[in-house]
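One file, model02.pdb, carrying PDB, C-alpha atoms:
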ATOM      1  CA  MET A   1     -23.553 -23.093  -1.055
ATOM      2  CA  ASN A   2     -21.910 -23.820   2.286
ATOM      3  CA  ILE A   3     -19.894 -20.864   3.615
ATOM      4  CA  ASN A   4     -17.902 -21.189   6.816
ATOM      5  CA  MET A   5     -18.290 -17.680   8.260
ATOM      6  CA  ASN A   6     -15.504 -18.235  10.803
ATOM      7  CA  ILE A   7     -13.002 -18.868   7.989
ATOM      8  CA  ILE A   8     -14.353 -15.923   5.967
ATOM      9  CA  GLU A   9     -14.033 -13.641   9.002
ATOM     10  CA  SER A  10     -10.501 -14.910   9.667
ATOM     11  CA  ILE A  11      -9.538 -14.295   6.036
ATOM     12  CA  PHE A  12     -10.948 -10.773   6.206
ATOM     13  CA  LEU A  13      -9.046  -9.981   9.406
ATOM     14  CA  ALA A  14      -5.780 -11.514   8.163
ATOM     15  CA  PHE A  15      -5.828  -9.701   4.816
ATOM     16  CA  SER A  16      -7.069  -6.429   6.234
ATOM     17  CA  LYS A  17      -3.812  -6.285   8.236
ATOM     18  CA  LEU A  18      -1.740  -6.437   5.047
ATOM     19  CA  TRP A  19      -2.924  -3.268   3.339
ATOM     20  CA  ILE A  20      -0.776  -1.003   5.501
ATOM     21  CA  VAL A  21       2.479  -2.568   4.273
ATOM     22  CA  ILE A  22       1.636  -2.658   0.572
ATOM     23  CA  PHE A  23       2.493   1.012   0.655
ATOM     24  CA  GLY A  24       5.903  -0.023  -0.750
ATOM     25  CA  GLY A  25       4.432  -2.359  -3.343
ATOM     26  CA  GLY A  26       2.883  -5.799  -3.165
ATOM     27  CA  TYR A  27       6.137  -7.562  -2.375
ATOM     28  CA  ALA A  28       6.436  -5.604   0.862
ATOM     29  CA  MET A  29       3.500  -7.563   2.280
ATOM     30  CA  LEU A  30       5.153 -10.973   1.851
ATOM     31  CA  PRO A  31       6.718 -11.368   5.310
ATOM     32  CA  LEU A  32       3.436 -10.438   7.009
ATOM     33  CA  LEU A  33       1.455 -12.664   4.629
ATOM     34  CA  GLN A  34       3.762 -15.580   5.404
ATOM     35  CA  THR A  35       3.257 -14.972   9.128
ATOM     36  CA  GLU A  36      -0.535 -14.995   8.654
ATOM     37  CA  MET A  37      -0.350 -18.267   6.701
ATOM     38  CA  GLN A  38       1.745 -19.887   9.439
ATOM     39  CA  THR A  39      -0.408 -18.497  12.260
ATOM     40  CA  HIS A  40      -3.629 -19.862  10.770
ATOM     41  CA  HIS A  41      -2.037 -23.008   9.272
ATOM     42  CA  TRP A  42      -3.633 -22.190   5.918
ATOM     43  CA  LEU A  43      -0.788 -22.674   3.447
ATOM     44  CA  SER A  44       2.736 -24.021   3.667
ATOM     45  CA  THR A  45       5.605 -21.766   2.619
ATOM     46  CA  SER A  46       5.936 -23.804  -0.561
ATOM     47  CA  GLN A  47       2.245 -23.392  -1.408
ATOM     48  CA  LEU A  48       2.463 -19.665  -0.669
ATOM     49  CA  THR A  49       5.567 -19.322  -2.848
ATOM     50  CA  ASP A  50       3.781 -21.074  -5.717
ATOM     51  CA  SER A  51       0.780 -18.773  -5.272
ATOM     52  CA  ILE A  52       3.027 -15.705  -5.379
ATOM     53  CA  ALA A  53       4.726 -17.008  -8.530
ATOM     54  CA  VAL A  54       1.358 -17.361 -10.265
ATOM     55  CA  SER A  55       0.327 -13.925  -8.956
ATOM     56  CA  ALA A  56       3.447 -12.354 -10.406
ATOM     57  CA  MET A  57       2.707 -13.821 -13.835
ATOM     58  CA  ALA A  58      -0.920 -12.663 -13.906
ATOM     59  CA  PRO A  59      -1.842  -9.165 -15.032
ATOM     60  CA  GLY A  60      -2.685  -6.699 -12.282
ATOM     61  CA  PRO A  61      -1.276  -5.785  -8.900
ATOM     62  CA  ILE A  62       0.578  -8.609  -7.189
ATOM     63  CA  ALA A  63      -1.040  -7.854  -3.813
ATOM     64  CA  THR A  64      -4.565  -8.259  -5.172
ATOM     65  CA  ASN A  65      -3.628 -11.263  -7.299
ATOM     66  CA  THR A  66      -1.985 -12.969  -4.336
ATOM     67  CA  ALA A  67      -4.958 -12.203  -2.085
ATOM     68  CA  ALA A  68      -7.351 -13.699  -4.638
ATOM     69  CA  ILE A  69      -5.294 -16.853  -5.180
ATOM     70  CA  VAL A  70      -4.556 -17.452  -1.498
ATOM     71  CA  GLY A  71      -8.139 -16.633  -0.494
ATOM     72  CA  PHE A  72      -9.385 -19.099  -3.109
ATOM     73  CA  LYS A  73      -7.063 -21.839  -1.843
ATOM     74  CA  ILE A  74      -8.309 -21.274   1.701
ATOM     75  CA  ALA A  75     -12.068 -20.916   1.141
ATOM     76  CA  GLY A  76     -12.956 -21.032  -2.536
ATOM     77  CA  VAL A  77     -14.622 -18.170  -4.394
ATOM     78  CA  TRP A  78     -15.824 -16.401  -1.238
ATOM     79  CA  GLY A  79     -12.345 -16.581   0.225
ATOM     80  CA  ALA A  80     -10.948 -14.967  -2.931
ATOM     81  CA  VAL A  81     -13.568 -12.200  -2.907
ATOM     82  CA  VAL A  82     -13.152 -11.412   0.790
ATOM     83  CA  ALA A  83      -9.331 -11.477   0.702
ATOM     84  CA  SER A  84      -9.275  -9.240  -2.380
ATOM     85  CA  LEU A  85     -11.680  -6.720  -0.854
ATOM     86  CA  ALA A  86      -9.908  -6.756   2.519
ATOM     87  CA  ILE A  87      -6.588  -5.886   0.908
ATOM     88  CA  THR A  88      -7.792  -3.387  -1.711
ATOM     89  CA  VAL A  89     -10.543  -1.288  -0.126
ATOM     90  CA  PRO A  90      -8.417   0.115   2.736
ATOM     91  CA  SER A  91      -5.571   0.719   0.277
ATOM     92  CA  LEU A  92      -7.911   2.535  -2.080
ATOM     93  CA  LEU A  93      -9.181   4.758   0.718
ATOM     94  CA  LEU A  94      -5.619   5.425   1.895
ATOM     95  CA  ILE A  95      -4.378   6.325  -1.570
ATOM     96  CA  LEU A  96      -7.275   8.743  -2.015
ATOM     97  CA  LEU A  97      -6.362  10.380   1.299
ATOM     98  CA  VAL A  98      -2.615  10.399   0.561
ATOM     99  CA  GLY A  99      -3.268  11.795  -2.908
ATOM    100  CA  LYS A 100      -5.213  14.661  -1.414
ATOM    101  CA  LEU A 101      -2.542  15.250   1.242
ATOM    102  CA  LEU A 102       0.262  14.938  -1.296
ATOM    103  CA  ALA A 103      -1.205  17.695  -3.404
ATOM    104  CA  LYS A 104      -1.476  19.911  -0.335
ATOM    105  CA  PHE A 105       1.702  19.054   1.616
ATOM    106  CA  GLN A 106       4.184  17.567  -0.877
ATOM    107  CA  GLU A 107       6.741  20.280  -0.197
ATOM    108  CA  HIS A 108       6.423  20.149   3.586
ATOM    109  CA  PRO A 109       9.710  18.981   5.200
ATOM    110  CA  ASN A 110       8.007  16.436   7.484
ATOM    111  CA  PHE A 111       6.098  14.920   4.585
ATOM    112  CA  LYS A 112       9.322  14.569   2.588
ATOM    113  CA  ALA A 113      11.101  13.161   5.643
ATOM    114  CA  ALA A 114       8.423  10.490   6.126
ATOM    115  CA  PHE A 115       8.887   9.237   2.576
ATOM    116  CA  TYR A 116      12.657   9.435   2.960
ATOM    117  CA  GLY A 117      12.354   7.051   5.919
ATOM    118  CA  LEU A 118       9.859   4.746   4.215
ATOM    119  CA  ARG A 119      11.961   3.983   1.134
ATOM    120  CA  PRO A 120      14.857   2.101   2.780
ATOM    121  CA  ALA A 121      12.523   0.363   5.231
ATOM    122  CA  ILE A 122      10.400  -0.981   2.371
ATOM    123  CA  VAL A 123      13.513  -2.162   0.516
ATOM    124  CA  GLY A 124      14.648  -3.927   3.710
ATOM    125  CA  VAL A 125      11.277  -5.669   4.063
ATOM    126  CA  ILE A 126      11.402  -6.852   0.441
ATOM    127  CA  ILE A 127      14.983  -8.154   0.835
ATOM    128  CA  PHE A 128      13.961  -9.960   4.034
ATOM    129  CA  ALA A 129      11.023 -11.581   2.202
ATOM    130  CA  ALA A 130      13.266 -12.680  -0.675
ATOM    131  CA  ILE A 131      15.848 -14.252   1.649
ATOM    132  CA  ASN A 132      13.161 -15.834   3.815
ATOM    133  CA  PHE A 133      11.479 -17.424   0.784
ATOM    134  CA  ALA A 134      14.840 -18.597  -0.584
ATOM    135  CA  VAL A 135      15.632 -20.289   2.744
ATOM    136  CA  SER A 136      12.112 -21.734   3.157
ATOM    137  CA  ASN A 137      12.233 -23.244  -0.331
ATOM    138  CA  ASN A 138      15.750 -24.667   0.121
ATOM    139  CA  ILE A 139      17.286 -22.438  -2.540
ATOM    140  CA  ILE A 140      19.772 -21.352   0.101
ATOM    141  CA  GLY A 141      20.336 -23.131   3.384
ATOM    142  CA  GLY A 142      18.708 -26.541   3.700
ATOM    143  CA  PRO A 143      20.504 -29.876   3.475
ATOM    144  CA  ASP A 144      22.781 -28.970   0.553
ATOM    145  CA  ILE A 145      23.448 -25.368   1.715
ATOM    146  CA  LEU A 146      22.864 -24.136  -1.849
ATOM    147  CA  ASP A 147      20.652 -25.458  -4.650
ATOM    148  CA  ILE A 148      23.050 -24.825  -7.533
ATOM    149  CA  LYS A 149      20.455 -24.747 -10.347
ATOM    150  CA  SER A 150      18.129 -22.395  -8.462
ATOM    151  CA  THR A 151      21.010 -20.177  -7.349
ATOM    152  CA  ILE A 152      22.329 -19.879 -10.906
ATOM    153  CA  LEU A 153      18.833 -19.111 -12.211
ATOM    154  CA  MET A 154      18.356 -16.515  -9.465
ATOM    155  CA  GLY A 155      21.714 -14.903 -10.255
ATOM    156  CA  VAL A 156      21.077 -14.838 -14.000
ATOM    157  CA  ALA A 157      17.599 -13.358 -13.472
ATOM    158  CA  PHE A 158      19.069 -10.687 -11.209
ATOM    159  CA  MET A 159      21.792  -9.793 -13.711
ATOM    160  CA  VAL A 160      19.355  -9.689 -16.644
ATOM    161  CA  LEU A 161      17.087  -7.310 -14.724
ATOM    162  CA  ILE A 162      20.015  -5.074 -13.771
ATOM    163  CA  ARG A 163      21.668  -4.974 -17.207
ATOM    164  CA  THR A 164      18.642  -4.862 -19.517
ATOM    165  CA  LYS A 165      15.284  -3.180 -19.758
ATOM    166  CA  LEU A 166      13.608  -6.569 -20.168
ATOM    167  CA  HIS A 167      10.139  -6.630 -18.681
ATOM    168  CA  PRO A 168      10.042  -8.960 -15.635
ATOM    169  CA  MET A 169       7.089 -10.836 -17.153
ATOM    170  CA  TYR A 170       9.353 -12.284 -19.867
ATOM    171  CA  LEU A 171      11.859 -13.303 -17.242
ATOM    172  CA  ILE A 172       9.182 -15.013 -15.143
ATOM    173  CA  VAL A 173       7.806 -16.959 -18.126
ATOM    174  CA  THR A 174      11.329 -17.952 -19.165
ATOM    175  CA  ALA A 175      12.132 -19.091 -15.621
ATOM    176  CA  ALA A 176       8.957 -21.194 -15.544
ATOM    177  CA  LEU A 177       9.967 -22.874 -18.807
ATOM    178  CA  ILE A 178      13.489 -23.473 -17.471
ATOM    179  CA  GLY A 179      11.939 -25.011 -14.342
ATOM    180  CA  ILE A 180       9.990 -27.429 -16.545
ATOM    181  CA  VAL A 181      13.174 -28.372 -18.388
ATOM    182  CA  PHE A 182      15.059 -28.863 -15.089
ATOM    183  CA  ALA A 183      12.256 -31.114 -13.809
ATOM    184  CA  MET A 184      12.471 -33.284 -16.926
ATOM    185  CA  LEU A 185      16.243 -33.797 -16.551
TER     186      LEU A 185
END

Represent the structure from my file as structure tokens, please.
Amino acid sequence: MNINMNIIESIFLAFSKLWIVIFGGGYAMLPLLQTEMQTHHWLSTSQLTDSIAVSAMAPGPIATNTAAIVGFKIAGVWGAVVASLAITVPSLLLILLVGKLLAKFQEHPNFKAAFYGLRPAIVGVIIFAAINFAVSNNIIGGPDILDIKSTILMGVAFMVLIRTKLHPMYLIVTAALIGIVFAML
């Protein structure tokens, strides 16, 4: 088995930077993950978007799923293992620490204030990632300004999530099937 230790080390360093932003959920890491992919020339935005789509459909946390898939695409099984460990172990240690602190300081005004500040910042990061991926994949912007089919699908998905209690998994599977139908037309 031939393992390129330079790539493995680079994967570990790149993914170990991401754990701090997954505080707000796996989607919060997407802008930083995209930057890492571009910096190292590992995956194109389209390849990364496809990896995230598969990660969202798979059971488990999207951050770990994405790390495993992207790590595998970069360096095979060892890349998947290293990326998954680099993103989960620091998060696990942090959540153990935060859990202990939360029990002790949850009513402290500064503790509450920190979380008050984190919530809108995390939402902003997720919105930025969504817009950035939409632009990078020519859903918005690009040569035609707006891809009508993708924009309609995005709008319908958004409205279904807002108006129903439908689990996102069903929406993702349905969107994948619609994508297959669109490709056949």

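We find atom CA of Ala53 of chain A and atom CA of Ala175 of chain A to be spaced 10.5 Å apart.
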
Taking 5 positions as the minimum chain separation for residues in the same chain, which residues sit within 12 Å of His41 of chain A when counting only C-alpha atoms? Answer as a PyMOL selection string.
chain A and resi 7+10-11+33-36+47-48+74

Kindly compute an axis-aligned box around the listed atoms of segment 93-104 of chain A, allowing 6 Å on each side, and express its centre and edge lengths in Å to one decimal as AutoDock Vina command-line options.
--center_x -4.5 --center_y 12.3 --center_z -0.8 --size_x 21.4 --size_y 27.2 --size_z 17.3

Specify as an NGL selection string each residue included when the PyMOL selection byres ((chain A and resi 56) around 12) is applied to this file.
:A and (26-27 or 49-55 or 57-67 or 69 or 168-173 or 176)

When you look at Leu102 of chain A with a cut-off of 12 Å (counting all atoms listed in the file), what residues show up, excluding the ones that are within fewer than 5 positions of it in the same chain? I need them as a PDB file with C-alpha atoms, in the frame of the given file.
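Full text of out_38.pdb as output:
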ATOM      1  CA  LEU A  94      -5.619   5.425   1.895  1.00  0.00           C
ATOM      2  CA  ILE A  95      -4.378   6.325  -1.570  1.00  0.00           C
ATOM      3  CA  LEU A  96      -7.275   8.743  -2.015  1.00  0.00           C
ATOM      4  CA  LEU A  97      -6.362  10.380   1.299  1.00  0.00           C
ATOM      5  CA  GLU A 107       6.741  20.280  -0.197  1.00  0.00           C
ATOM      6  CA  HIS A 108       6.423  20.149   3.586  1.00  0.00           C
ATOM      7  CA  ASN A 110       8.007  16.436   7.484  1.00  0.00           C
ATOM      8  CA  PHE A 111       6.098  14.920   4.585  1.00  0.00           C
ATOM      9  CA  LYS A 112       9.322  14.569   2.588  1.00  0.00           C
ATOM     10  CA  ALA A 114       8.423  10.490   6.126  1.00  0.00           C
ATOM     11  CA  PHE A 115       8.887   9.237   2.576  1.00  0.00           C
TER      12      PHE A 115
END

Using atom CA of Phe182 of chain A and atom CA of Asn138 of chain A as the two end points, give the distance in Å to one decimal.
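Between atom CA of Phe182 of chain A and atom CA of Asn138 of chain A the gap works out to 15.8 Å.
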
Would you translate the PyMOL selection byres ((chain A and resi 3) around 10) into the concrete set of residues it matches in this file, as a PyMOL selection string?
chain A and resi 1-2+4-8+75-79

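Across the structure, atom CA of Ser91 of chain A and atom CA of Trp19 of chain A are spaced 5.7 Å apart.
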
Here is a test: counting only C-alpha atoms, which residue of A:Ile140, A:Phe105, A:Ala28, A:Ser84 is nearest to Phe72 of chain A?
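Checking each of A:Ile140, A:Phe105, A:Ala28, A:Ser84 against Phe72 of chain A, counting only C-alpha atoms, the winner is A:Ser84.
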
Starting from the point (9.8, -4.6, -1.6), work out which residues of protein, DNA or RNA have an atom no more than 7 Å away when counting all atoms listed in the file; state them as number ranges by chain.
A: 24-25, 27-28, 122-123, 125-127

Using the selection just defined, write its residues with C-alpha atoms as a PDB file, in the frame of the given file.
ATOM      1  CA  GLY A  24       5.903  -0.023  -0.750  1.00  0.00           C
ATOM      2  CA  GLY A  25       4.432  -2.359  -3.343  1.00  0.00           C
ATOM      3  CA  TYR A  27       6.137  -7.562  -2.375  1.00  0.00           C
ATOM      4  CA  ALA A  28       6.436  -5.604   0.862  1.00  0.00           C
ATOM      5  CA  ILE A 122      10.400  -0.981   2.371  1.00  0.00           C
ATOM      6  CA  VAL A 123      13.513  -2.162   0.516  1.00  0.00           C
ATOM      7  CA  VAL A 125      11.277  -5.669   4.063  1.00  0.00           C
ATOM      8  CA  ILE A 126      11.402  -6.852   0.441  1.00  0.00           C
ATOM      9  CA  ILE A 127      14.983  -8.154   0.835  1.00  0.00           C
TER      10      ILE A 127
END
